[in-house]
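Novice: Pasting in a structure now, in structure tokens, and then I'll have a few things to ask.
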Amino acid sequence: QVQLVESGGGLVQAGGSLRLSCAASGSIIRFNAMAWFRQAPGKQRELVARITRGFMTNTADSVKGRFTISKDNAKNTVYLQMNSLKPEDTAVYYCAATTSLSYDYWGQGTQVTVSA
């Protein structure tokens, strides 16, 4: 059974930084891709950033230039470095992984709150 455990969320002032981590149980090389999603209250879940097995990355336009996704295969961990945070980045952030066309595995989420 795959487990994804997020950490690193918290409360930060606008303009600040946080780094989220997602630790997987077992090797992450088996995943075609891993990603970070977020969901704010009353809004749909949205894809924030994605990294493939081959280290190709994509980020949402809303966070481009501020957020960076990376991974360490040796540590079975994916990261999301978030800089220049804005109040509109406030959301629960979820880590997800896929071995197919859809994201099959999800973490429990970590809250990120950005104060103005």
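A note on labels: chains of the structure tokens are A, B, ... as shown, every chain counts residues from 1, and ligands are counted from 1 in their shown order.
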How close does each residue of region 8-48 of chain A get to region 68-76 of chain A, giving the shortest atom pair and distance in Å to one decimal for every residue with an atom at most 8 Å away, counting only C-alpha atoms, sorted by chain and residue number, as a tab-separated table?
Specialist:
residue	atom	partner	partner_atom	distance
A:Ala23	CA	A:Asn76	CA	6.0
A:Ala24	CA	A:Asn76	CA	5.6
A:Ser25	CA	A:Asn76	CA	7.5
A:Gly26	CA	A:Asn76	CA	6.7
A:Ser27	CA	A:Asn76	CA	5.6
A:Ile28	CA	A:Asn76	CA	5.3
A:Ile29	CA	A:Asn73	CA	6.6
Novice: Residues near Arg19 (chain A), anyone? I mean within 9 Å using only C-alpha atoms, not counting same-chain ones fewer than 4 positions away, as an MDAnalysis selection string.
Specialist: chainID A and resid 7:9 79:83
Novice: Taking the DSSP secondary structure from the backbone, can you list the residues of region 72-111 of chain A that are strand (DSSP E or B), as a list in words?
Specialist: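 Output for region 72-111 of chain A, strand (DSSP E or B) only: Asp72, Thr77, Val78, Tyr79, Leu80, Gln81, Met82, Ala91, Val92, Tyr93, Tyr94, Cys95, Ala96, Ala97, Thr98, Tyr105, Trp106, Thr110 and Gln111 of chain A.
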Novice: What is the CA of Ser115 (chain A) to CA of Val63 (chain A) distance in Å?
Specialist: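 Computed distance, CA of Ser115 (chain A) to CA of Val63 (chain A), equals 17.1 Å.
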